[in-house]
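Okay, structure31.cif now, which holds mmCIF, C-alpha atoms (C1' of nucleotides):
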```
data_start
#
loop_
_atom_site.label_atom_id
_atom_site.label_comp_id
_atom_site.auth_asym_id
_atom_site.auth_seq_id
_atom_site.Cartn_x
_atom_site.Cartn_y
_atom_site.Cartn_z
CA MET A 1091 79.16 5.83 28.46
CA ARG A 1092 77.03 2.82 29.25
CA GLU A 1093 73.44 3.46 30.10
CA ASN A 1094 73.74 2.30 33.66
CA MET A 1095 76.50 4.80 34.29
CA LEU A 1096 74.14 7.60 33.49
CA LYS A 1097 72.45 9.53 36.24
CA LYS A 1098 68.94 8.53 37.09
CA LEU A 1099 65.73 10.25 36.16
CA VAL A 1100 62.18 9.17 36.85
CA VAL A 1101 59.46 10.21 34.45
CA VAL A 1102 55.85 10.29 35.58
CA LEU A 1103 53.36 10.80 32.79
CA GLY A 1104 49.71 10.25 32.04
CA PRO A 1105 46.71 11.92 30.52
CA THR A 1106 45.25 15.04 32.01
CA ALA A 1107 43.49 14.62 35.34
CA SER A 1108 45.01 11.20 35.91
CA GLY A 1109 46.56 12.23 39.19
CA LYS A 1110 50.14 12.89 38.11
CA THR A 1111 50.75 15.73 40.53
CA LYS A 1112 49.47 13.87 43.51
CA MET A 1113 51.43 10.74 42.78
CA ALA A 1114 54.60 12.57 41.85
CA VAL A 1115 54.62 14.64 45.00
CA LYS A 1116 54.15 11.54 47.08
CA LEU A 1117 56.98 9.77 45.29
CA ALA A 1118 59.25 12.79 45.52
CA LYS A 1119 58.67 12.92 49.24
CA LYS A 1120 59.45 9.24 49.55
CA PHE A 1121 62.60 9.27 47.44
CA ASN A 1122 64.15 12.63 48.24
CA GLY A 1123 63.13 14.09 44.92
CA GLU A 1124 62.27 17.28 43.16
CA ILE A 1125 59.79 17.77 40.38
CA VAL A 1126 60.51 19.08 36.93
CA SER A 1127 57.28 19.92 35.18
CA ALA A 1128 56.90 18.82 31.57
CA ASP A 1129 53.84 20.86 30.82
CA SER A 1130 53.67 23.26 27.92
CA ARG A 1131 51.14 25.53 29.61
CA GLN A 1132 52.16 25.58 33.23
CA VAL A 1133 55.34 27.37 32.24
CA TYR A 1134 53.26 30.50 31.79
CA LYS A 1135 52.69 32.91 34.61
CA GLY A 1136 49.08 33.66 35.30
CA MET A 1137 47.68 30.55 33.65
CA ASP A 1138 46.85 28.93 36.93
CA ILE A 1139 43.32 27.68 37.21
CA GLY A 1140 42.91 26.50 33.63
CA THR A 1141 46.13 24.52 33.61
CA ALA A 1142 45.46 22.98 37.00
CA LYS A 1143 48.80 24.29 38.16
CA PRO A 1144 49.69 22.67 41.48
CA THR A 1145 49.00 24.98 44.38
CA LYS A 1146 51.41 25.56 47.19
CA LYS A 1147 49.41 23.19 49.31
CA GLU A 1148 49.45 20.48 46.68
CA ARG A 1149 53.21 20.81 46.28
CA GLN A 1150 53.67 19.93 49.95
CA GLY A 1151 57.03 21.55 50.17
CA ILE A 1152 58.45 19.63 47.23
CA ARG A 1153 60.36 21.86 44.87
CA HIS A 1154 58.74 22.28 41.48
CA HIS A 1155 60.73 23.50 38.51
CA LEU A 1156 59.76 24.92 35.12
CA ILE A 1157 56.46 26.26 36.32
CA ASP A 1158 55.76 30.00 36.08
CA ILE A 1159 58.96 30.69 34.23
CA ILE A 1160 57.76 33.10 31.54
CA LYS A 1161 55.05 35.59 30.72
CA PRO A 1162 52.29 34.58 28.32
CA ASN A 1163 53.48 37.04 25.68
CA LYS A 1164 56.85 35.34 25.48
CA GLU A 1165 57.68 32.52 23.15
CA PHE A 1166 58.24 29.03 24.44
CA ASN A 1167 58.62 25.70 22.71
CA ALA A 1168 59.92 22.17 22.91
CA ALA A 1169 63.51 23.08 22.09
CA ILE A 1170 63.66 25.74 24.77
CA PHE A 1171 62.06 23.30 27.16
CA LYS A 1172 64.67 20.69 26.42
CA LYS A 1173 67.53 23.00 27.22
CA LYS A 1174 66.00 24.21 30.44
CA ALA A 1175 64.90 20.76 31.53
CA ILE A 1176 68.34 19.23 31.05
CA GLY A 1177 69.93 22.02 33.05
CA THR A 1178 67.40 21.67 35.81
CA ILE A 1179 67.64 17.90 35.98
CA LYS A 1180 71.42 17.99 36.14
CA ASN A 1181 71.28 20.57 38.84
CA ILE A 1182 69.02 18.37 40.92
CA GLN A 1183 71.29 15.38 40.41
CA ARG A 1184 74.31 17.42 41.41
CA ARG A 1185 72.58 18.11 44.69
CA LYS A 1186 72.16 14.35 45.16
CA ARG A 1187 68.45 14.36 44.80
CA LEU A 1188 66.25 12.37 42.48
CA PRO A 1189 64.66 14.32 39.63
CA PHE A 1190 61.09 13.52 38.61
CA LEU A 1191 60.05 14.71 35.18
CA VAL A 1192 56.30 15.01 35.49
CA GLY A 1193 53.76 16.06 32.93
CA GLY A 1194 51.42 15.36 30.11
CA THR A 1195 53.11 17.08 27.20
CA GLY A 1196 54.30 14.08 25.25
CA LEU A 1197 56.66 15.93 22.95
CA TYR A 1198 58.37 17.70 25.82
CA ILE A 1199 58.97 14.44 27.62
CA GLN A 1200 60.22 12.88 24.43
CA THR A 1201 62.82 15.59 23.96
CA ILE A 1202 64.48 14.30 27.12
CA VAL A 1203 63.73 10.60 26.93
CA ASP A 1204 64.78 10.24 23.30
CA ASN A 1205 67.20 13.14 23.33
CA ILE A 1206 65.65 14.73 20.29
CA GLU A 1207 68.14 16.96 18.57
CA PHE A 1208 66.15 19.67 16.92
CA PRO A 1209 67.58 21.25 13.81
CA LYS A 1210 69.27 24.41 14.99
CA VAL A 1211 66.99 26.78 13.18
CA ALA A 1212 65.01 29.14 15.32
CA PRO A 1213 61.49 30.05 14.21
CA ASN A 1214 61.59 32.88 11.70
CA LYS A 1215 58.54 35.03 12.07
CA LYS A 1216 58.88 36.90 8.81
CA LEU A 1217 59.34 33.80 6.72
CA ARG A 1218 56.47 32.09 8.46
CA GLU A 1219 54.14 34.98 7.79
CA LYS A 1220 55.09 34.95 4.17
CA LEU A 1221 54.57 31.22 3.81
CA GLU A 1222 51.34 31.39 5.72
CA GLN A 1223 49.78 33.22 2.75
CA LYS A 1224 50.34 30.29 0.44
CA SER A 1225 48.16 27.24 -0.01
CA VAL A 1226 49.23 23.81 1.18
CA LYS A 1227 49.69 22.77 -2.43
CA GLU A 1228 52.10 25.60 -3.10
CA LEU A 1229 53.93 24.88 0.14
CA PHE A 1230 54.23 21.25 -0.78
CA ARG A 1231 55.76 22.19 -4.13
CA ILE A 1232 58.24 24.53 -2.48
CA TYR A 1233 59.21 21.91 0.05
CA LYS A 1234 59.59 19.26 -2.60
CA LYS A 1235 62.23 21.36 -4.31
CA LEU A 1236 64.15 21.92 -1.10
CA ASP A 1237 63.89 18.39 0.25
CA PRO A 1238 62.79 15.80 -2.33
CA LYS A 1239 63.24 12.93 0.09
CA GLY A 1240 61.35 14.60 2.86
CA ILE A 1241 58.00 14.57 1.10
CA LYS A 1242 57.58 10.90 1.85
CA GLU A 1243 57.36 11.44 5.55
CA ILE A 1244 55.62 14.78 5.80
CA GLU A 1245 51.87 15.25 5.95
CA LYS A 1246 51.08 17.07 2.77
CA ASP A 1247 47.98 18.71 4.21
CA ASN A 1248 49.63 20.00 7.31
CA LYS A 1249 50.47 23.62 6.73
CA ARG A 1250 52.24 24.16 9.99
CA ARG A 1251 54.58 21.23 9.47
CA LEU A 1252 55.24 22.17 5.86
CA ILE A 1253 56.16 25.68 6.88
CA ARG A 1254 58.55 24.46 9.53
CA ALA A 1255 60.14 21.98 7.12
CA ILE A 1256 60.63 24.71 4.53
CA GLU A 1257 61.98 27.07 7.16
CA VAL A 1258 64.60 24.59 8.34
CA SER A 1259 65.60 23.52 4.85
CA LYS A 1260 65.86 27.03 3.55
CA ILE A 1261 67.69 28.70 6.40
CA SER A 1262 70.10 25.85 7.14
CA LYS A 1263 70.47 25.11 3.43
CA LYS A 1264 70.14 21.44 4.27
CA PRO A 1265 67.13 19.19 3.84
CA PHE A 1266 64.90 19.06 6.89
CA SER A 1267 64.48 15.31 6.60
CA GLU A 1268 68.20 14.80 7.13
CA GLN A 1269 68.25 16.83 10.27
CA LYS A 1270 65.77 14.91 12.36
CA ARG A 1271 68.07 13.24 14.81
CA LYS A 1272 68.09 11.54 18.15
CA GLY A 1273 71.17 11.78 20.32
CA LYS A 1274 72.59 9.29 22.76
CA PRO A 1275 70.63 8.74 25.97
CA LEU A 1276 71.02 11.61 28.40
CA PHE A 1277 69.96 9.83 31.55
CA ASN A 1278 69.16 6.46 32.94
CA ILE A 1279 65.41 6.74 32.80
CA LEU A 1280 62.47 4.98 34.38
CA GLU A 1281 59.22 5.91 32.66
CA ILE A 1282 56.10 5.44 34.70
CA GLY A 1283 52.68 5.96 33.16
CA ILE A 1284 49.52 6.35 35.16
CA LYS A 1285 46.91 4.02 33.84
CA LYS A 1286 43.30 5.08 34.11
CA SER A 1287 40.18 3.81 32.41
CA LYS A 1288 38.15 6.09 30.17
CA GLU A 1289 35.42 6.20 32.76
CA GLU A 1290 37.81 7.24 35.50
CA ILE A 1291 39.29 9.98 33.34
CA LYS A 1292 35.86 11.22 32.38
CA LYS A 1293 34.80 11.41 35.97
CA SER A 1294 37.87 13.25 37.15
CA VAL A 1295 37.88 15.61 34.18
CA GLU A 1296 34.29 16.64 34.74
CA LYS A 1297 34.91 17.15 38.40
CA ARG A 1298 38.01 19.20 37.72
CA ILE A 1299 36.36 21.43 35.11
CA LYS A 1300 33.46 22.13 37.40
CA LYS A 1301 35.92 23.14 40.07
CA MET A 1302 37.84 25.37 37.66
CA PHE A 1303 34.74 27.33 36.77
CA LYS A 1304 33.88 27.66 40.42
CA MET A 1305 37.38 28.93 41.14
CA GLY A 1306 36.95 31.71 38.61
CA LEU A 1307 38.43 30.40 35.38
CA GLU A 1308 36.40 32.89 33.38
CA ASN A 1309 37.94 35.81 35.22
CA GLU A 1310 41.40 34.39 34.80
CA VAL A 1311 40.85 34.21 31.05
CA LYS A 1312 39.45 37.73 30.87
CA GLY A 1313 42.36 39.10 32.83
CA LEU A 1314 44.95 37.42 30.64
CA VAL A 1315 43.30 38.53 27.41
CA LYS A 1316 43.09 42.08 28.70
CA LYS A 1317 46.71 42.09 29.73
CA TYR A 1318 48.33 40.26 26.83
CA GLY A 1319 45.77 40.08 24.02
CA ARG A 1320 45.08 36.88 22.16
CA VAL A 1321 48.57 35.44 22.52
CA PRO A 1322 49.29 31.95 21.13
CA CYS A 1323 49.57 30.24 24.47
CA LEU A 1324 45.95 31.06 25.17
CA GLN A 1325 45.08 28.67 22.39
CA THR A 1326 44.49 26.24 25.17
CA ILE A 1327 41.62 24.18 26.41
CA GLY A 1328 39.88 26.12 29.14
CA TYR A 1329 40.87 29.47 27.70
CA GLN A 1330 38.67 29.53 24.64
CA GLU A 1331 35.49 27.66 25.47
CA SER A 1332 32.32 29.21 26.71
CA SER A 1333 30.83 26.52 28.91
CA PRO A 1334 31.95 23.79 31.28
CA GLU A 1335 30.38 21.23 28.94
CA GLU A 1336 32.45 22.37 26.00
CA THR A 1337 35.58 22.51 28.12
CA SER A 1338 34.98 19.01 29.42
CA LEU A 1339 34.52 17.65 25.92
CA HIS A 1340 37.71 19.24 24.65
CA THR A 1341 39.63 18.06 27.69
CA LEU A 1342 38.43 14.50 27.16
CA GLN A 1343 39.46 14.64 23.54
CA PHE A 1344 42.81 15.96 24.63
CA ALA A 1345 43.27 13.11 27.09
CA LYS A 1346 42.65 10.69 24.25
CA ARG A 1347 45.25 12.39 22.08
CA GLN A 1348 47.74 12.20 24.90
CA MET A 1349 47.17 8.47 25.20
CA THR A 1350 47.66 8.04 21.47
CA TRP A 1351 50.99 9.73 21.90
CA PHE A 1352 52.05 7.71 24.94
CA LYS A 1353 51.02 4.41 23.39
CA ARG A 1354 53.85 4.75 20.93
CA SER A 1355 56.46 4.45 23.61
CA LYS A 1356 57.17 0.88 24.56
CA LYS A 1357 59.37 1.89 27.45
CA ILE A 1358 56.57 3.21 29.60
CA GLN A 1359 55.66 1.02 32.55
CA TRP A 1360 52.00 1.47 33.27
CA VAL A 1361 50.96 1.63 36.85
CA LYS A 1362 47.62 1.77 38.61
CA ASN A 1363 48.60 3.27 41.92
CA TYR A 1364 51.29 4.70 44.14
CA GLN A 1365 52.32 1.34 45.53
CA GLN A 1366 53.17 -0.04 42.11
CA ALA A 1367 55.10 3.10 41.23
CA LYS A 1368 57.01 2.96 44.47
CA LYS A 1369 57.99 -0.63 43.80
CA LEU A 1370 59.27 0.22 40.34
CA ILE A 1371 61.37 3.07 41.65
CA ARG A 1372 62.83 0.91 44.42
CA GLN A 1373 64.04 -1.60 41.86
CA PHE A 1374 65.25 1.18 39.63
CA LEU A 1375 67.35 2.71 42.37
CA LEU A 1376 69.11 -0.52 43.35
"C1'" G B 561 -10.99 18.08 16.86
"C1'" C B 562 -9.16 21.32 12.87
"C1'" C B 563 -5.06 23.87 10.23
"C1'" G B 564 0.17 24.32 9.39
"C1'" C B 565 5.21 22.60 9.83
"C1'" G B 566 8.40 18.73 10.72
"C1'" G B 567 10.07 13.18 11.54
"C1'" U B 568 17.03 11.25 7.07
"C1'" A B 569 23.98 8.98 11.00
"C1'" G B 570 24.70 9.63 18.29
"C1'" C B 571 23.21 15.31 17.70
"C1'" U B 572 21.80 19.63 14.39
"C1'" C B 573 20.23 19.56 9.66
"C1'" A B 574 21.02 19.43 3.72
"C1'" G B 575 19.17 16.56 -0.43
"C1'" U B 576 17.35 13.51 -4.60
"C1'" G B 577 11.95 9.35 -8.74
"C1'" G B 578 17.35 5.20 -9.80
"C1'" U B 579 18.45 2.52 -1.92
"C1'" A B 580 21.90 9.00 0.52
"C1'" G B 581 25.23 13.73 2.23
"C1'" A B 582 27.44 17.92 5.56
"C1'" G B 583 29.02 19.92 10.26
"C1'" C B 584 29.80 18.31 15.14
"C1'" G B 585 30.51 13.79 17.95
"C1'" C B 586 32.75 8.72 17.78
"C1'" U B 587 37.07 5.22 16.45
"C1'" U B 588 42.07 4.85 14.76
"C1'" C B 589 46.47 7.26 13.49
"C1'" U B 590 50.64 11.06 12.45
"C1'" C B 591 54.03 14.05 15.20
"C1'" U B 592 61.97 16.65 15.55
"C1'" G B 593 61.90 24.72 17.69
"C1'" A B 594 53.40 26.67 18.24
"C1'" A B 595 52.24 20.17 20.80
"C1'" A B 596 46.45 21.74 25.76
"C1'" A B 597 49.03 22.99 18.89
"C1'" A B 598 48.53 21.29 13.79
"C1'" G B 599 46.94 17.44 10.53
"C1'" A B 600 45.13 12.48 8.29
"C1'" A B 601 42.09 8.13 7.71
"C1'" G B 602 37.76 5.29 9.07
"C1'" A B 603 33.00 3.37 11.07
"C1'" A B 604 28.16 4.58 11.30
"C1'" G B 605 21.58 5.40 8.46
"C1'" U B 606 15.87 -0.95 6.40
"C1'" C B 607 15.74 8.20 4.98
"C1'" G B 608 8.77 7.59 11.25
"C1'" U B 609 5.17 3.04 10.06
"C1'" G B 610 1.87 0.75 6.49
"C1'" A B 611 -0.29 0.79 1.77
"C1'" G B 612 -0.73 2.84 -3.34
"C1'" U B 613 1.24 4.96 -8.19
"C1'" U B 614 5.73 3.55 -10.98
"C1'" C B 615 10.21 -0.62 -14.44
"C1'" A B 616 12.05 1.86 -9.89
"C1'" A B 617 10.10 5.33 -4.05
"C1'" U B 618 13.90 8.07 1.08
"C1'" U B 619 11.83 11.43 -2.74
"C1'" C B 620 4.98 11.46 -5.45
"C1'" U B 621 -0.21 10.04 -3.24
"C1'" C B 622 -3.18 8.27 0.91
"C1'" A B 623 -3.78 6.54 5.90
"C1'" C B 624 -1.75 6.08 10.58
"C1'" C B 625 1.82 7.17 14.61
"C1'" C B 626 5.08 10.81 17.03
"C1'" G B 627 6.92 16.04 17.95
"C1'" C B 628 6.25 21.40 17.57
"C1'" G B 629 3.25 25.79 16.68
"C1'" G B 630 -1.55 28.00 15.90
"C1'" C B 631 -7.02 27.80 16.04
"C1'" A B 632 -11.01 25.80 18.59
#
```

Represent the structure contained in this file as structure tokens.
Amino acid sequence: MRENMLKKLVVVLGPTASGKTKMAVKLAKKFNGEIVSADSRQVYKGMDIGTAKPTKKERQGIRHHLIDIIKPNKEFNAAIFKKKAIGTIKNIQRRKRLPFLVGGTGLYIQTIVDNIEFPKVAPNKKLREKLEQKSVKELFRIYKKLDPKGIKEIEKDNKRRLIRAIEVSKISKKPFSEQKRKGKPLFNILEIGIKKSKEEIKKSVEKRIKKMFKMGLENEVKGLVKKYGRVPCLQTIGYQESSPEETSLHTLQFAKRQMTWFKRSKKIQWVKNYQQAKKLIRQFLL
RNA sequence: GCCGCGGUAGCUCAGUGGUAGAGCGCUUCUCUGAAAAAGAAGAAGUCGUGAGUUCAAUUCUCACCCGCGGCA
């Protein structure tokens, strides 16, 4: 199928606190759209304040998908996201509406935009725990045996990646490096990035964090820890710091990391405001 | 005014008679089932100021300046 025969999808991305929600809702209203969240933390129920989950008021009647879909003690990841997001997007298209994939989780967006085909090996808790005991050097040696070619492209100091690479190679009995694939395009996609200066981001982050603390972020954290314990998804900015200053710093660092990720994609069209985004979508829909 | 302690990277501080390190921050980067995660590389200091001892001083000595604490 040629790309222009594919159904259309608009992606709205940007660093944290860049105004994605606001812009996306406005665009969705304008273009008869619905929003599919691409946010690795807003999927969790109860993580509301710290993830800046859009409130009912902020959603302005626009349907939001993939928010509040699981409990914090449940596992979630990029592969699960991909499956759910594709289903949701197709469903929206079937209903003749325009899907907007909106979020700041670069990998999640990439699963759709680049159609990343993850090796079909689910995380294996037992194996991971076993490998976790070993040093990176040992892990590297083990991986080298399983996938001699793969060692060129893996970070030899990154335990988590080594463990995953070993897991895939071992369970599938095929080298991990040969299983990293991209499929054919799933949709006809317009990628819009919200461009903000460092100063603007800093300002809005600080404002947002202050607001979060005022809204009772600390109680939200306490409640979640009490209910679920120290589950992995609470390894999140806002849920482990002890002061607004620390949270702001970590959020700013996060925003920078997000931009590093986004910079890699040449397809993103950077936009300063709603008007520019609207124009791009108009052309895209012709 | 006196006594003591301190002045080394943006911050907190190690350290050494042969011109310096750490943690955090900062910059850049990686990313295929934890990604708000996990990891890598790099920049950065006339070691408070001036003088003395020494082949050599950030390190020892003296004076001065600044900060902190105590005594007057």

Write out as number ranges by chain each polymer residue whose atoms come within 6 Å of region 1354-1368 of chain A, counting all atoms listed in the file; drop sequence neighbours fewer than 3 positions from it. A: 1281-1285, 1351, 1371

Just write the chosen residues, C-alpha atoms, as a CSV table (one decimal), in the coordinates of the input.
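Output file again.csv is given in full below:
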```csv
chain,number,residue,atom,x,y,z
A,1281,GLU,CA,59.2,5.9,32.7
A,1282,ILE,CA,56.1,5.4,34.7
A,1283,GLY,CA,52.7,6.0,33.2
A,1284,ILE,CA,49.5,6.4,35.2
A,1285,LYS,CA,46.9,4.0,33.8
A,1351,TRP,CA,51.0,9.7,21.9
A,1371,ILE,CA,61.4,3.1,41.6
```

Using all atoms listed in the file, find the residues of chain B whose closest atom to chain A is at most 10 Å away, then write them as JSON, numbers by chain. {"B": [585, 588, 589, 590, 591, 592, 593, 594, 595, 596, 597, 598, 599, 600]}

Could you work out how far CA of Asn1122 (chain A) lies from CA of Gly1109 (chain A), giving the answer in Å with one decimal?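 Computing the Euclidean distance for CA of Gly1109 (chain A) and CA of Asn1122 (chain A) yields 19.8 Å.
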
Please, what distance in Å, to one decimal, runs between CA of Val1126 (chain A) and CA of Leu1376 (chain A)?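 So the answer is 22.3 Å.
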
Close residues, G627 (chain B) itself excluded, 12 Å, all atoms listed in the file, min 3 positions apart in chain, as a PyMOL selection string: chain B and resi 565-567+608

Counting only C-alpha atoms, figure out which residue out of A:Lys1143, A:Ala1107, A:Ala1118, A:Leu1191 gets nearest to Lys1293 (chain A). A:Ala1107

Rounded to one decimal, what separation in Å do you get between CA of Arg1185 (chain A) and CA of Tyr1134 (chain A)?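 Between CA of Arg1185 (chain A) and CA of Tyr1134 (chain A) the gap is 26.3 Å.
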
Box for region 1192-1207 of chain A - axis-aligned, 5 Å on each of the six sides, all listed atoms - centre and size in Å to one decimal, as AutoDock Vina command-line options.
```
--center_x 59.8 --center_y 14.0 --center_z 27.0 --size_x 26.7 --size_y 17.5 --size_z 26.9
```

So, with only C-alpha atoms as the atoms that count, which of A:Ile1179, A:Ile1256, A:Leu1099, A:Val1133 lies closest to Pro1238 (chain A)?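 So, comparing all the options, the nearest one is A:Ile1256.
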
Between A:Glu1222, A:Glu1310, A:Glu1257, A:Glu1290, smallest distance to Asp1138 (chain A) by only C-alpha atoms belongs to A:Glu1310

Quick one: residues within 12 Å of Gly1313 (chain A), all atoms listed in the file, excluding same-chain residues fewer than 3 positions away - as a list in words? Gly1136, Met1137, Asp1138, Pro1162, Gly1306, Leu1307, Glu1308, Asn1309, Glu1310, Lys1316, Lys1317, Tyr1318, Gly1319, Arg1320, Leu1324 and Tyr1329 of chain A

Taking the file as shown, find all residues satisfying the PyMOL selection byres ((chain B and resi 568-584) around 7) and write them as a ChimeraX atom specification. /B:585,604-605,607,616-617,619

Export C-alpha atoms (C1' of nucleotides) of the chosen residues as a PDB file, keeping the file's coordinate frame?
```
ATOM      1  C1'   G B 585      30.510  13.790  17.950  1.00  0.00           C
ATOM      2  C1'   A B 604      28.160   4.580  11.300  1.00  0.00           C
ATOM      3  C1'   G B 605      21.580   5.400   8.460  1.00  0.00           C
ATOM      4  C1'   C B 607      15.740   8.200   4.980  1.00  0.00           C
ATOM      5  C1'   A B 616      12.050   1.860  -9.890  1.00  0.00           C
ATOM      6  C1'   A B 617      10.100   5.330  -4.050  1.00  0.00           C
ATOM      7  C1'   U B 619      11.830  11.430  -2.740  1.00  0.00           C
TER       8        U B 619
END
```

Residues returned when the PyMOL selection byres ((chain B and resi 603) around 9) runs on this file, as JSON, numbers by chain: {"B": [586, 587, 602, 604]}

Preceding selection exported with C-alpha atoms (C1' of nucleotides) as an mmCIF file, in the coordinates of the input:
```cif
data_model
loop_
_atom_site.group_PDB
_atom_site.id
_atom_site.type_symbol
_atom_site.label_atom_id
_atom_site.label_comp_id
_atom_site.auth_asym_id
_atom_site.auth_seq_id
_atom_site.Cartn_x
_atom_site.Cartn_y
_atom_site.Cartn_z
ATOM 1 C "C1'" C B 586 32.750 8.720 17.780
ATOM 2 C "C1'" U B 587 37.070 5.220 16.450
ATOM 3 C "C1'" G B 602 37.760 5.290 9.070
ATOM 4 C "C1'" A B 604 28.160 4.580 11.300
#
```

Non-local contacts of Ile1291 (chain A) (7 Å; all atoms listed in the file; under 4 positions in same chain excluded) as an mmCIF file with C-alpha atoms, keeping the file's coordinate frame:
```cif
data_model
loop_
_atom_site.group_PDB
_atom_site.id
_atom_site.type_symbol
_atom_site.label_atom_id
_atom_site.label_comp_id
_atom_site.auth_asym_id
_atom_site.auth_seq_id
_atom_site.Cartn_x
_atom_site.Cartn_y
_atom_site.Cartn_z
ATOM 1 C CA ALA A 1107 43.490 14.620 35.340
ATOM 2 C CA SER A 1108 45.010 11.200 35.910
ATOM 3 C CA LYS A 1286 43.300 5.080 34.110
ATOM 4 C CA SER A 1287 40.180 3.810 32.410
ATOM 5 C CA VAL A 1295 37.880 15.610 34.180
#
```

I'd like the residues picked by the PyMOL selection byres ((chain B and resi 563) around 9) written out as a short mmCIF file (atom, residue, chain, number, x, y, z; two decimals) with C-alpha atoms (C1' of nucleotides), in the frame of the given file, using the chain letters and numbers from the file.
```cif
data_model
loop_
_atom_site.label_atom_id
_atom_site.label_comp_id
_atom_site.auth_asym_id
_atom_site.auth_seq_id
_atom_site.Cartn_x
_atom_site.Cartn_y
_atom_site.Cartn_z
"C1'" C B 562 -9.16 21.32 12.87
"C1'" G B 564 0.17 24.32 9.39
"C1'" G B 630 -1.55 28.00 15.90
"C1'" C B 631 -7.02 27.80 16.04
#
```
